[in-house]
$ cat my_file_13.cif   # mmCIF, C-alpha atoms
data_query
loop_
_atom_site.label_atom_id
_atom_site.label_comp_id
_atom_site.auth_asym_id
_atom_site.auth_seq_id
_atom_site.Cartn_x
_atom_site.Cartn_y
_atom_site.Cartn_z
CA MET W 962 -6.40 -52.89 -9.75
CA ALA W 963 -9.71 -54.05 -11.14
CA VAL W 964 -12.93 -52.84 -9.54
CA PRO W 965 -15.88 -55.26 -9.78
CA MET W 966 -18.74 -53.85 -11.81
CA THR W 967 -22.29 -55.09 -12.00
CA ASN W 968 -24.24 -55.41 -15.22
CA TYR W 969 -25.60 -51.91 -15.64
CA THR W 970 -27.94 -50.02 -17.92
CA PRO W 971 -27.58 -46.23 -17.48
CA ARG W 972 -30.62 -44.71 -15.81
CA PRO W 973 -32.31 -41.53 -17.00
CA ASP W 974 -30.79 -38.34 -15.68
CA ARG W 975 -32.28 -37.71 -12.21
CA PHE W 976 -31.95 -33.91 -12.29
CA ASP W 977 -34.93 -31.93 -13.61
CA GLN W 978 -34.23 -29.01 -15.97
CA ALA W 979 -34.53 -26.39 -13.24
CA GLY W 980 -31.97 -28.34 -11.23
CA LYS W 981 -29.62 -28.44 -14.22
CA ASP W 982 -29.94 -24.70 -14.79
CA GLN W 983 -29.27 -23.92 -11.15
CA LEU W 984 -26.34 -26.35 -11.09
CA VAL W 985 -24.72 -24.52 -14.00
CA ASP W 986 -25.33 -21.07 -12.52
CA ALA W 987 -24.12 -22.12 -9.07
CA HIS W 988 -20.71 -22.73 -10.52
CA ASP W 989 -20.39 -18.95 -10.92
CA LEU W 990 -20.63 -18.68 -7.14
CA GLU W 991 -18.87 -21.88 -6.18
CA VAL W 992 -16.36 -23.60 -8.37
CA THR W 993 -13.83 -20.80 -8.98
CA GLN W 994 -13.93 -19.37 -5.47
CA PRO W 995 -11.01 -19.63 -3.02
CA GLY W 996 -13.41 -21.22 -0.52
CA MET W 997 -14.15 -24.04 -2.96
CA ARG W 998 -10.45 -24.68 -3.44
CA SER W 999 -10.00 -24.79 0.33
CA LEU W 1000 -12.89 -27.21 0.75
CA ARG W 1001 -11.54 -29.49 -1.98
CA ALA W 1002 -8.13 -29.47 -0.33
CA TRP W 1003 -9.82 -30.48 2.94
CA SER W 1004 -11.66 -33.28 1.12
CA HIS W 1005 -8.47 -34.72 -0.31
CA ASP W 1006 -6.65 -34.44 3.02
CA ALA W 1007 -9.57 -36.13 4.79
CA LEU W 1008 -9.70 -39.03 2.33
CA ALA W 1009 -5.90 -39.39 2.56
CA LEU W 1010 -5.59 -41.69 -0.44
CA ARG W 1011 -2.68 -44.09 -0.54
CA PRO W 1012 -1.01 -45.94 -3.44
CA GLY W 1013 -2.94 -49.04 -4.45
CA GLU W 1014 -6.31 -47.86 -3.10
CA ARG W 1015 -9.59 -47.66 -5.01
CA ALA W 1016 -11.34 -44.28 -5.12
CA LEU W 1017 -14.68 -43.18 -6.54
CA ASP W 1018 -16.06 -39.71 -7.33
CA ILE W 1019 -19.86 -39.60 -7.65
CA GLY W 1020 -21.00 -36.84 -9.99
CA SER W 1021 -17.49 -36.42 -11.35
CA GLY W 1022 -18.26 -33.78 -13.99
CA THR W 1023 -15.26 -33.14 -16.20
CA GLY W 1024 -13.11 -35.30 -13.95
CA SER W 1025 -10.73 -32.95 -12.14
CA GLU W 1026 -11.01 -34.76 -8.80
CA VAL W 1027 -10.68 -38.19 -10.43
CA PHE W 1028 -7.44 -37.15 -12.09
CA ALA W 1029 -6.12 -36.08 -8.70
CA PHE W 1030 -7.26 -39.43 -7.28
CA ALA W 1031 -5.42 -41.28 -10.06
CA ASP W 1032 -2.18 -39.49 -9.20
CA ALA W 1033 -2.63 -40.35 -5.51
CA VAL W 1034 -3.41 -44.07 -5.91
CA GLY W 1035 -0.88 -44.68 -8.66
CA PRO W 1036 -0.79 -47.45 -11.23
CA THR W 1037 -1.67 -50.18 -8.71
CA GLY W 1038 -4.84 -48.40 -7.61
CA ALA W 1039 -8.04 -47.36 -9.34
CA ALA W 1040 -9.66 -43.93 -9.71
CA ILE W 1041 -13.15 -43.89 -11.19
CA GLY W 1042 -15.71 -41.18 -11.81
CA VAL W 1043 -19.45 -41.75 -12.16
CA GLU W 1044 -21.35 -39.09 -14.11
CA PRO W 1045 -24.94 -39.05 -15.49
CA ASP W 1046 -24.45 -36.21 -17.98
CA PRO W 1047 -23.19 -37.62 -21.31
CA ASN W 1048 -21.56 -34.35 -22.34
CA LEU W 1049 -19.56 -34.06 -19.12
CA LEU W 1050 -18.69 -37.75 -19.35
CA ALA W 1051 -17.36 -37.33 -22.90
CA SER W 1052 -15.31 -34.32 -21.82
CA ALA W 1053 -13.75 -36.29 -18.96
CA GLU W 1054 -12.91 -39.18 -21.27
CA ARG W 1055 -11.23 -36.81 -23.74
CA ARG W 1056 -9.16 -35.34 -20.94
CA THR W 1057 -8.12 -38.84 -19.88
CA THR W 1058 -6.75 -39.50 -23.36
CA ASP W 1059 -5.10 -36.09 -23.67
CA GLU W 1060 -3.41 -36.32 -20.27
CA GLY W 1061 -2.53 -40.01 -20.43
CA SER W 1062 -4.20 -40.54 -17.07
CA THR W 1063 -5.22 -43.88 -15.57
CA ALA W 1064 -8.53 -42.30 -14.45
CA ARG W 1065 -11.68 -44.07 -15.64
CA PHE W 1066 -15.20 -42.75 -16.14
CA VAL W 1067 -18.52 -44.57 -16.34
CA SER W 1068 -22.12 -43.53 -16.86
CA GLY W 1069 -24.26 -43.80 -13.77
CA ASP W 1070 -26.04 -41.91 -11.04
CA ALA W 1071 -26.00 -41.68 -7.27
CA TYR W 1072 -29.02 -43.96 -6.88
CA GLY W 1073 -27.53 -47.02 -8.58
CA LEU W 1074 -23.74 -47.10 -8.63
CA PRO W 1075 -22.58 -49.71 -11.18
CA PHE W 1076 -20.29 -51.56 -8.76
CA GLY W 1077 -20.50 -54.45 -6.37
CA GLY W 1078 -20.46 -54.02 -2.61
CA ASP W 1079 -17.30 -53.27 -0.63
CA ALA W 1080 -15.57 -52.08 -3.82
CA PHE W 1081 -13.86 -48.84 -2.74
CA ASP W 1082 -11.51 -47.51 -0.10
CA ALA W 1083 -12.68 -43.93 -0.58
CA VAL W 1084 -15.71 -42.15 -2.03
CA LEU W 1085 -16.23 -38.45 -2.77
CA CYS W 1086 -19.58 -36.86 -3.60
CA GLU W 1087 -19.50 -33.09 -4.05
CA ARG W 1088 -22.53 -30.81 -4.57
CA ALA W 1089 -24.86 -33.53 -5.87
CA PHE W 1090 -27.17 -34.21 -2.91
CA GLN W 1091 -28.90 -30.82 -3.24
CA HIS W 1092 -30.32 -31.99 -6.57
CA LEU W 1093 -31.53 -35.42 -5.46
CA THR W 1094 -35.14 -36.26 -4.70
CA ALA W 1095 -34.12 -39.27 -2.57
CA PRO W 1096 -30.81 -38.43 -0.88
CA ALA W 1097 -31.15 -41.30 1.61
CA ARG W 1098 -30.90 -43.74 -1.32
CA ALA W 1099 -27.68 -42.08 -2.44
CA ALA W 1100 -26.24 -42.26 1.08
CA ALA W 1101 -27.12 -45.97 1.21
CA GLU W 1102 -25.30 -46.50 -2.10
CA ILE W 1103 -22.18 -44.82 -0.73
CA ALA W 1104 -22.29 -47.12 2.28
CA ARG W 1105 -22.86 -50.16 0.07
CA VAL W 1106 -19.83 -49.63 -2.20
CA LEU W 1107 -17.45 -48.71 0.63
CA ARG W 1108 -15.37 -51.53 2.04
CA PRO W 1109 -15.24 -51.89 5.86
CA GLY W 1110 -12.86 -49.21 7.07
CA GLY W 1111 -13.37 -47.20 3.90
CA ARG W 1112 -14.02 -43.48 4.17
CA ALA W 1113 -16.33 -41.05 2.42
CA VAL W 1114 -16.46 -37.29 2.06
CA VAL W 1115 -19.77 -35.72 1.05
CA VAL W 1116 -19.93 -31.97 0.41
CA ASP W 1117 -22.98 -29.86 -0.29
CA SER W 1118 -24.56 -26.43 -0.06
CA ASP W 1119 -27.13 -25.26 2.44
CA TRP W 1120 -29.07 -22.61 0.56
CA ALA W 1121 -30.78 -21.30 3.68
CA THR W 1122 -27.38 -19.80 4.56
CA ALA W 1123 -27.35 -17.64 1.41
CA ILE W 1124 -26.59 -13.94 1.86
CA VAL W 1125 -27.31 -11.26 -0.73
CA HIS W 1126 -26.27 -7.65 0.09
CA PRO W 1127 -27.12 -4.85 -0.66
CA GLY W 1128 -30.80 -4.61 -1.55
CA ASP W 1129 -34.22 -4.08 -0.05
CA PRO W 1130 -34.40 -6.70 2.73
CA ARG W 1131 -37.89 -7.82 1.74
CA VAL W 1132 -36.92 -8.29 -1.90
CA VAL W 1133 -33.71 -10.06 -0.96
CA ARG W 1134 -35.67 -12.40 1.34
CA ALA W 1135 -38.14 -13.18 -1.44
CA VAL W 1136 -35.30 -14.02 -3.84
CA ILE W 1137 -33.56 -16.29 -1.33
CA ASP W 1138 -36.87 -17.98 -0.51
CA THR W 1139 -37.38 -18.56 -4.24
CA LEU W 1140 -33.91 -20.10 -4.47
CA ILE W 1141 -34.70 -22.40 -1.56
CA SER W 1142 -38.10 -23.44 -2.89
CA SER W 1143 -36.74 -24.12 -6.38
CA THR W 1144 -33.95 -26.41 -5.17
CA THR W 1145 -34.79 -30.08 -4.81
CA ASN W 1146 -32.95 -30.55 -1.53
CA PRO W 1147 -32.02 -27.02 -0.45
CA LEU W 1148 -30.97 -27.78 3.14
CA SER W 1149 -28.72 -30.62 2.03
CA GLY W 1150 -25.62 -29.33 3.79
CA ARG W 1151 -27.04 -29.54 7.30
CA ARG W 1152 -28.55 -32.97 6.65
CA LEU W 1153 -25.48 -34.78 5.36
CA ALA W 1154 -24.25 -36.08 8.70
CA GLY W 1155 -27.65 -37.51 9.57
CA LEU W 1156 -28.07 -39.15 6.16
CA LEU W 1157 -24.68 -40.85 6.37
CA SER W 1158 -25.30 -41.95 9.95
CA ASP W 1159 -28.67 -43.42 8.99
CA ALA W 1160 -26.92 -45.32 6.19
CA GLY W 1161 -24.70 -47.05 8.75
CA LEU W 1162 -21.58 -44.90 8.46
CA VAL W 1163 -19.73 -43.32 11.38
CA VAL W 1164 -19.28 -39.55 11.10
CA ASP W 1165 -15.75 -38.50 12.01
CA GLU W 1166 -15.67 -34.81 11.15
CA VAL W 1167 -17.91 -32.00 9.90
CA GLY W 1168 -16.41 -28.93 8.25
CA SER W 1169 -17.82 -25.83 6.59
CA GLN W 1170 -16.72 -23.11 4.23
CA ALA W 1171 -18.47 -19.91 3.18
CA LEU W 1172 -18.15 -19.35 -0.55
CA VAL W 1173 -18.12 -15.66 -1.33
CA GLN W 1174 -18.82 -14.52 -4.88
CA ASP W 1175 -16.26 -12.32 -6.60
CA ARG W 1176 -17.09 -8.77 -5.53
CA THR W 1177 -16.64 -7.38 -9.05
CA VAL W 1178 -19.39 -9.33 -10.85
CA GLY W 1179 -22.47 -7.72 -9.32
CA ALA W 1180 -25.47 -10.02 -9.01
CA GLY W 1181 -23.93 -12.84 -11.02
CA ALA W 1182 -25.81 -15.45 -13.06
CA LEU W 1183 -27.38 -17.34 -10.17
CA VAL W 1184 -28.94 -14.37 -8.37
CA SER W 1185 -30.10 -12.88 -11.68
CA ARG W 1186 -31.82 -16.10 -12.73
CA ILE W 1187 -33.50 -16.59 -9.35
CA ALA W 1188 -34.66 -12.96 -9.32
CA ASP W 1189 -36.26 -13.56 -12.73
CA LEU W 1190 -37.96 -16.66 -11.33
CA ALA W 1191 -39.27 -14.67 -8.37
CA VAL W 1192 -40.88 -12.25 -10.82
CA LEU W 1193 -42.49 -15.13 -12.73
CA ARG W 1194 -43.88 -16.48 -9.47
CA GLY W 1195 -45.24 -13.10 -8.50
CA THR W 1196 -43.27 -12.81 -5.25
CA ILE W 1197 -41.55 -9.63 -6.43
CA THR W 1198 -42.32 -7.21 -9.25
CA ALA W 1199 -40.18 -6.66 -12.32
CA GLU W 1200 -39.40 -3.19 -10.98
CA GLU W 1201 -38.23 -4.65 -7.66
CA ARG W 1202 -36.01 -7.13 -9.50
CA ASP W 1203 -34.49 -4.39 -11.62
CA GLN W 1204 -33.85 -2.25 -8.55
CA LEU W 1205 -32.18 -5.18 -6.76
CA LEU W 1206 -29.86 -5.80 -9.71
CA THR W 1207 -29.11 -2.08 -9.89
CA ASP W 1208 -28.34 -2.01 -6.15
CA LEU W 1209 -25.98 -4.97 -6.52
CA ARG W 1210 -24.16 -3.41 -9.47
CA ALA W 1211 -23.79 -0.16 -7.55
CA GLY W 1212 -22.60 -2.08 -4.51
CA ALA W 1213 -19.98 -3.83 -6.60
CA ASP W 1214 -18.79 -0.48 -7.98
CA ARG W 1215 -18.27 0.99 -4.51
CA GLY W 1216 -17.00 -2.20 -2.85
CA ASP W 1217 -20.12 -2.76 -0.71
CA ILE W 1218 -21.41 -6.14 -1.89
CA HIS W 1219 -21.61 -9.61 -0.37
CA ILE W 1220 -23.12 -12.72 -2.00
CA SER W 1221 -22.33 -16.04 -0.39
CA VAL W 1222 -23.52 -19.51 0.58
CA THR W 1223 -22.09 -21.97 3.09
CA LEU W 1224 -21.02 -25.45 2.07
CA PHE W 1225 -20.68 -28.29 4.55
CA GLY W 1226 -18.38 -31.28 4.26
CA VAL W 1227 -18.74 -34.52 6.19
CA LEU W 1228 -16.06 -37.17 6.62
CA ALA W 1229 -17.36 -40.60 7.59
CA HIS W 1230 -16.16 -44.20 7.55
CA LYS W 1231 -17.75 -47.62 7.27
CA PRO W 1232 -17.30 -49.63 10.46
#
$ encode --input "my_file_13.cif" --output "structure tokens"
Amino acid sequence: MAVPMTNYTPRPDRFDQAGKDQLVDAHDLEVTQPGMRSLRAWSHDALALRPGERALDIGSGTGSEVFAFADAVGPTGAAIGVEPDPNLLASAERRTTDEGSTARFVSGDAYGLPFGGDAFDAVLCERAFQHLTAPARAAAEIARVLRPGGRAVVVDSDWATAIVHPGDPRVVRAVIDTLISSTTNPLSGRRLAGLLSDAGLVVDEVGSQALVQDRTVGAGALVSRIADLAVLRGTITAEERDQLLTDLRAGADRGDIHISVTLFGVLAHKP
């Protein structure tokens, strides 16, 4: 089924470099965790795609969710991913060829989706809003491309829910505060329902899932990078950073470690 597309010139990538770095590191905490798999299963169940429907994934990355959409909607439907990163887009397109999937991928960003209005039955946007400077514009775009009765699932982190244990509480607090202050939209998770409501959608359900980092990896890439940033900003000393990383490694060795963040998912529909 064809999906109407507007004339479109790809916009510059809307993530700054710090946002890109954090996005990559966050995958260590998020994408491979059982909690992420559970949240994705909830997303697919909530969207409840049917054969012949049109589905869109905003910020589709290497395309895993779009391939699942393509299987669900079948040959009479359409499954499309929008991705601003050319390297991820190329990877998704290669996978499409290798797997013989009907999934399609186009260059674009959350602020200007290259489709006409009322084009989709279902829209997914996962872990993109935290990196957007104007999330209300993205929510309005979701509402614009949804057909009446269409449904959307938006999922994102709320970095104020981050937990890092063990470690000196003051140092841990400084590192988490640095993480929050270095994220474009750090409280995105708690704001999703309001953004979608303001865009004219009706919120049907709000879910959450704590993502807990593998206990064997110690600090992990994300905490290590943010601790380095806290040193550069002068909120902790290099010695305090080193001690925190040592405490986390020791905690991992004895089974006393907990690093997590909570993600929120919102299901909404267009009236």
$ resolve_selection --input "my_file_13.cif" --expression "the PyMOL selection byres ((chain W and resi 1156-1172) around 7)" --output "MDAnalysis selection string"
chainID W and resid 991 994 996:997 1000 1097 1100:1101 1104 1152:1155 1173:1174 1221:1232
$ residues_near_point --input "my_file_13.cif" --point "(-25.5, -33.7, -9.0)" --cutoff "6 Å" --atoms "all atoms listed in the file" --output "list in words"
Gly1020, Ala1089 and His1092 of chain W
$ residues_near_point --input "my_file_13.cif" --point "(-34.1, -17.2, -12.5)" --cutoff "10 Å" --atoms "only C-alpha atoms" --output "PDB file with C-alpha atoms, in the frame of the given file"
ATOM      1  CA  ALA W 979     -34.530 -26.390 -13.240  1.00  0.00           C
ATOM      2  CA  ASP W 982     -29.940 -24.700 -14.790  1.00  0.00           C
ATOM      3  CA  GLN W 983     -29.270 -23.920 -11.150  1.00  0.00           C
ATOM      4  CA  ASP W 986     -25.330 -21.070 -12.520  1.00  0.00           C
ATOM      5  CA  VAL W1136     -35.300 -14.020  -3.840  1.00  0.00           C
ATOM      6  CA  THR W1139     -37.380 -18.560  -4.240  1.00  0.00           C
ATOM      7  CA  LEU W1140     -33.910 -20.100  -4.470  1.00  0.00           C
ATOM      8  CA  SER W1143     -36.740 -24.120  -6.380  1.00  0.00           C
ATOM      9  CA  ALA W1182     -25.810 -15.450 -13.060  1.00  0.00           C
ATOM     10  CA  LEU W1183     -27.380 -17.340 -10.170  1.00  0.00           C
ATOM     11  CA  VAL W1184     -28.940 -14.370  -8.370  1.00  0.00           C
ATOM     12  CA  SER W1185     -30.100 -12.880 -11.680  1.00  0.00           C
ATOM     13  CA  ARG W1186     -31.820 -16.100 -12.730  1.00  0.00           C
ATOM     14  CA  ILE W1187     -33.500 -16.590  -9.350  1.00  0.00           C
ATOM     15  CA  ALA W1188     -34.660 -12.960  -9.320  1.00  0.00           C
ATOM     16  CA  ASP W1189     -36.260 -13.560 -12.730  1.00  0.00           C
ATOM     17  CA  LEU W1190     -37.960 -16.660 -11.330  1.00  0.00           C
ATOM     18  CA  ALA W1191     -39.270 -14.670  -8.370  1.00  0.00           C
ATOM     19  CA  VAL W1192     -40.880 -12.250 -10.820  1.00  0.00           C
ATOM     20  CA  LEU W1193     -42.490 -15.130 -12.730  1.00  0.00           C
TER      21      LEU W1193
END
$ resolve_selection --input "my_file_13.cif" --expression "the PyMOL selection byres ((chain W and resi 1015) around 9)" --output "short mmCIF file (atom, residue, chain, number, x, y, z; two decimals) with C-alpha atoms, keeping the file's coordinate frame"
data_model
loop_
_atom_site.label_atom_id
_atom_site.label_comp_id
_atom_site.auth_asym_id
_atom_site.auth_seq_id
_atom_site.Cartn_x
_atom_site.Cartn_y
_atom_site.Cartn_z
CA MET W 962 -6.40 -52.89 -9.75
CA ALA W 963 -9.71 -54.05 -11.14
CA VAL W 964 -12.93 -52.84 -9.54
CA LEU W 1010 -5.59 -41.69 -0.44
CA ARG W 1011 -2.68 -44.09 -0.54
CA PRO W 1012 -1.01 -45.94 -3.44
CA GLY W 1013 -2.94 -49.04 -4.45
CA GLU W 1014 -6.31 -47.86 -3.10
CA ALA W 1016 -11.34 -44.28 -5.12
CA LEU W 1017 -14.68 -43.18 -6.54
CA PHE W 1030 -7.26 -39.43 -7.28
CA VAL W 1034 -3.41 -44.07 -5.91
CA GLY W 1038 -4.84 -48.40 -7.61
CA ALA W 1039 -8.04 -47.36 -9.34
CA ALA W 1040 -9.66 -43.93 -9.71
CA ILE W 1041 -13.15 -43.89 -11.19
CA ALA W 1080 -15.57 -52.08 -3.82
CA PHE W 1081 -13.86 -48.84 -2.74
CA ASP W 1082 -11.51 -47.51 -0.10
CA ALA W 1083 -12.68 -43.93 -0.58
CA VAL W 1084 -15.71 -42.15 -2.03
#
$ resolve_selection --input "my_file_13.cif" --expression "the PyMOL selection byres ((chain W and resi 1148) around 7)" --output "list of chain:residue names"
W:Asp1119, W:Trp1120, W:Ala1121, W:Asn1146, W:Pro1147, W:Ser1149, W:Gly1150, W:Arg1151, W:Arg1152
$ atom_distance --input "my_file_13.cif" --atom1 "atom CA of W:Glu1060" --atom2 "atom CA of W:Leu1085"
21.8 Å
$ closest_residue --input "my_file_13.cif" --among "W:Glu1026, W:Asp1208, W:Glu1200, W:Asp1070" --to "W:Glu1102" --atoms "all atoms listed in the file"
W:Asp1070
$ residues_around --input "my_file_13.cif" --residues "W:Ala1135" --least-positions-apart "2" --cutoff "8 Å" --atoms "all atoms listed in the file" --output "VMD selection string"
chain W and resid 1131 to 1133 1137 to 1139 1191 1196 to 1197
$ atom_distance --input "my_file_13.cif" --atom1 "atom CA of W:Asp1079" --atom2 "atom CA of W:Ala1029"
22.0 Å
